[in-house]
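First up is the structure itself, then whatever we jot down about it.
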Amino acid sequence: MVRVKSRYLLCEVNVTDRNLLLLLDDRAVTAAVKDVVQRMHVKYLNAVTGIILLRFPKKCYKQLWSALPFITSIEARGKQISCFLNCIYVGGTIRTCQKFLIRYNAHQLRRMLPKCKSEEEKHNIQQAILDCCLTRTHTEEAEDTLESEEDE
C-alpha cells in the first residue's frame with residue numbers, strides 16, 4: 001500500500017480592515033480556493049489571526065501556490081471581503097506547520113513589542129511571547145522523551 005503524500009501551505013489572510021476577518025469561515029475560504037483549484041481542503045482557519053492551513057496532494061502544491069495570488073476576495077456571510085493570501089510556509093506535515101507557526105507568532109509578537117503604548121500592553125505581549133516559548137519548550141521536551149523511550 002502506498003501512502004498518499006501531501007503538502008500543507010500555511011497562509012495568512014491580509015485585509016485592510018482586520019474586523020472583516022471575523023466574517024470568514026471555512027466554507028467561504030474553501031469556495032474561494034476551489035474556484036481557482038479543484039481538489040482543495042481547508043484544514044484550519046483562525047479568524048482572529050487570519051491563519052489558514054490548506055492541505056492538498058503533493059503533486060499539485062506548486063499549481064495551487066501559483067493560483068493563490070489570483071484570489072482577491074472571499075465571499076462570506078453575504079459580504080465580499082477584499083483580501084489576498086500570503087503563503088508563509090510550506091510543510092510536509094501538520095506538525096511541522098504547527099512548529100513553524102509557534103516560531104512565527106513569537107516573532108510577530110517581538111515585532112509588536114516596541115510599538116506598545118503602555119506598560120500593561122508591553123507586559124501582555126511579553127507574557128504572550130513567554131507562552132509561545134513555553135509551549136515550544138514543552139513540545140520539544142515531549143519529543144525528547146518519546147525519542148529516548150524509542151531508543152530503549
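Following the order of the C-alpha cells, first chain is A, next is B, and so on, with residues numbered from 1 inside each chain and ligands from 1 in the order they appear.
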Could you pull out the strand (DSSP E or B) residues of chain A from DSSP and send them as a PyMOL selection string? chain A and resi 6-14+41-46+51-57+73-76+79-82+84-91
Within 7 Å of stretch 7-22 of chain A, counting only C-alpha atoms, which residues show up once you throw out same-chain ones fewer than 3 positions away? Write them as an MDAnalysis selection string, please. chainID A and resid 47:48 50:58 61 81:94 97
Any idea what's packed within 12 Å of A:Ala128, counting only C-alpha atoms, ignoring anything in its chain fewer than 6 positions away? Could you give it as a list in words? Ile102, Asn105, Ala106, His107, Gln108, Leu109, Arg110, Met112, Leu113, Glu121, Lys122, Leu134 and Thr135 of chain A
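Among the candidate residues A:Arg111, A:Arg3, A:Lys34, A:His123, the one lying nearest to A:Ile71 is A:Lys34, with distances computed using only C-alpha atoms.
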Between A:Leu101, A:Cys60, A:Leu68, A:Val33, which residue has the minimum interatomic distance to A:Ser6, considering only C-alpha atoms?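 Distance minimum relative to A:Ser6 lands on A:Cys60.
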Using backbone DSSP assignments, extract all helix (DSSP H, G or I) residues from stretch 28-116 of chain A; output them as a ChimeraX atom specification. /A:28-36,58-70,94-115
N, CA and C atoms of the current selection, written as a CSV table (one decimal), in the first residue's frame:
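So part_21.csv came out as:
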```csv
chain,number,residue,atom,x,y,z
A,28,ALA,N,-16.3,29.6,3.2
A,28,ALA,CA,-16.0,30.7,2.4
A,28,ALA,C,-14.6,30.7,1.8
A,29,VAL,N,-13.7,30.3,2.6
A,29,VAL,CA,-12.3,30.2,2.1
A,29,VAL,C,-12.2,29.0,1.1
A,30,THR,N,-12.8,27.9,1.5
A,30,THR,CA,-12.8,26.7,0.6
A,30,THR,C,-13.4,27.1,-0.8
A,31,ALA,N,-14.5,27.8,-0.8
A,31,ALA,CA,-15.2,28.1,-2.0
A,31,ALA,C,-14.3,29.0,-2.9
A,32,ALA,N,-13.6,30.0,-2.2
A,32,ALA,CA,-12.7,30.9,-3.0
A,32,ALA,C,-11.5,30.1,-3.6
A,33,VAL,N,-11.0,29.2,-2.8
A,33,VAL,CA,-9.8,28.4,-3.3
A,33,VAL,C,-10.3,27.4,-4.4
A,34,LYS,N,-11.5,26.8,-4.2
A,34,LYS,CA,-12.0,25.8,-5.2
A,34,LYS,C,-12.3,26.5,-6.5
A,35,ASP,N,-12.6,27.8,-6.5
A,35,ASP,CA,-12.8,28.5,-7.8
A,35,ASP,C,-11.5,28.5,-8.6
A,36,VAL,N,-10.4,28.5,-7.9
A,36,VAL,CA,-9.1,28.6,-8.6
A,36,VAL,C,-8.5,27.2,-8.9
A,58,LYS,N,0.6,16.3,-2.9
A,58,LYS,CA,2.0,16.8,-3.1
A,58,LYS,C,2.2,17.2,-4.5
A,59,LYS,N,1.7,16.4,-5.4
A,59,LYS,CA,2.0,16.7,-6.9
A,59,LYS,C,1.3,18.0,-7.3
A,60,CYS,N,0.3,18.5,-6.6
A,60,CYS,CA,-0.4,19.7,-7.0
A,60,CYS,C,0.0,21.0,-6.3
A,61,TYR,N,0.9,20.9,-5.3
A,61,TYR,CA,1.1,22.1,-4.5
A,61,TYR,C,1.6,23.3,-5.2
A,62,LYS,N,2.5,23.1,-6.2
A,62,LYS,CA,3.0,24.2,-7.0
A,62,LYS,C,1.9,24.9,-7.8
A,63,GLN,N,1.0,24.1,-8.3
A,63,GLN,CA,-0.1,24.6,-9.1
A,63,GLN,C,-1.0,25.5,-8.1
A,64,LEU,N,-1.3,25.0,-7.0
A,64,LEU,CA,-2.1,25.8,-6.0
A,64,LEU,C,-1.4,27.0,-5.6
A,65,TRP,N,-0.1,26.9,-5.3
A,65,TRP,CA,0.7,28.0,-4.8
A,65,TRP,C,0.6,29.1,-5.9
A,66,SER,N,0.8,28.7,-7.1
A,66,SER,CA,0.8,29.8,-8.2
A,66,SER,C,-0.6,30.4,-8.4
A,67,ALA,N,-1.7,29.7,-7.9
A,67,ALA,CA,-3.0,30.2,-8.1
A,67,ALA,C,-3.4,31.2,-7.0
A,68,LEU,N,-2.8,31.1,-5.8
A,68,LEU,CA,-3.1,31.9,-4.7
A,68,LEU,C,-3.2,33.4,-4.9
A,69,PRO,N,-2.2,34.0,-5.7
A,69,PRO,CA,-2.3,35.4,-6.0
A,69,PRO,C,-3.6,35.9,-6.7
A,70,PHE,N,-4.3,34.9,-7.4
A,70,PHE,CA,-5.4,35.3,-8.1
A,70,PHE,C,-6.7,35.4,-7.2
A,94,ILE,N,1.3,18.4,9.3
A,94,ILE,CA,0.7,19.4,10.1
A,94,ILE,C,1.6,19.8,11.3
A,95,ARG,N,2.3,18.8,11.8
A,95,ARG,CA,3.2,19.1,12.9
A,95,ARG,C,4.3,20.1,12.6
A,96,THR,N,4.9,20.0,11.4
A,96,THR,CA,5.9,20.9,11.1
A,96,THR,C,5.3,22.3,10.9
A,97,CYS,N,4.1,22.4,10.4
A,97,CYS,CA,3.4,23.7,10.2
A,97,CYS,C,3.1,24.3,11.6
A,98,GLN,N,2.7,23.4,12.6
A,98,GLN,CA,2.5,23.9,13.9
A,98,GLN,C,3.7,24.5,14.5
A,99,LYS,N,4.8,23.8,14.4
A,99,LYS,CA,6.1,24.2,14.9
A,99,LYS,C,6.5,25.6,14.3
A,100,PHE,N,6.4,25.7,13.0
A,100,PHE,CA,6.7,27.0,12.3
A,100,PHE,C,5.8,28.1,12.9
A,101,LEU,N,4.5,27.8,13.0
A,101,LEU,CA,3.5,28.8,13.5
A,101,LEU,C,3.8,29.3,14.8
A,102,ILE,N,4.3,28.5,15.7
A,102,ILE,CA,4.7,28.9,17.1
A,102,ILE,C,5.9,29.9,16.9
A,103,ARG,N,6.9,29.5,16.1
A,103,ARG,CA,8.0,30.5,15.9
A,103,ARG,C,7.6,31.8,15.3
A,104,TYR,N,6.7,31.6,14.3
A,104,TYR,CA,6.2,32.8,13.6
A,104,TYR,C,5.4,33.8,14.5
A,105,ASN,N,4.5,33.2,15.3
A,105,ASN,CA,3.8,34.0,16.2
A,105,ASN,C,4.7,34.7,17.2
A,106,ALA,N,5.7,34.0,17.8
A,106,ALA,CA,6.6,34.6,18.7
A,106,ALA,C,7.4,35.8,18.0
A,107,HIS,N,7.8,35.6,16.8
A,107,HIS,CA,8.5,36.6,16.0
A,107,HIS,C,7.5,37.8,15.8
A,108,GLN,N,6.3,37.6,15.5
A,108,GLN,CA,5.3,38.7,15.3
A,108,GLN,C,5.1,39.5,16.6
A,109,LEU,N,5.0,38.8,17.7
A,109,LEU,CA,4.9,39.4,19.0
A,109,LEU,C,6.1,40.3,19.3
A,110,ARG,N,7.3,39.8,19.0
A,110,ARG,CA,8.5,40.5,19.3
A,110,ARG,C,8.5,41.8,18.4
A,111,ARG,N,8.0,41.8,17.2
A,111,ARG,CA,7.9,42.9,16.4
A,111,ARG,C,6.9,44.0,17.0
A,112,MET,N,5.9,43.5,17.7
A,112,MET,CA,4.9,44.4,18.2
A,112,MET,C,5.4,45.1,19.5
A,113,LEU,N,6.3,44.5,20.2
A,113,LEU,CA,6.8,45.0,21.5
A,113,LEU,C,7.2,46.4,21.5
A,114,PRO,N,8.1,46.9,20.5
A,114,PRO,CA,8.5,48.3,20.5
A,114,PRO,C,7.4,49.3,20.3
A,115,LYS,N,6.2,48.8,19.7
A,115,LYS,CA,5.1,49.7,19.4
A,115,LYS,C,4.1,49.8,20.5
```
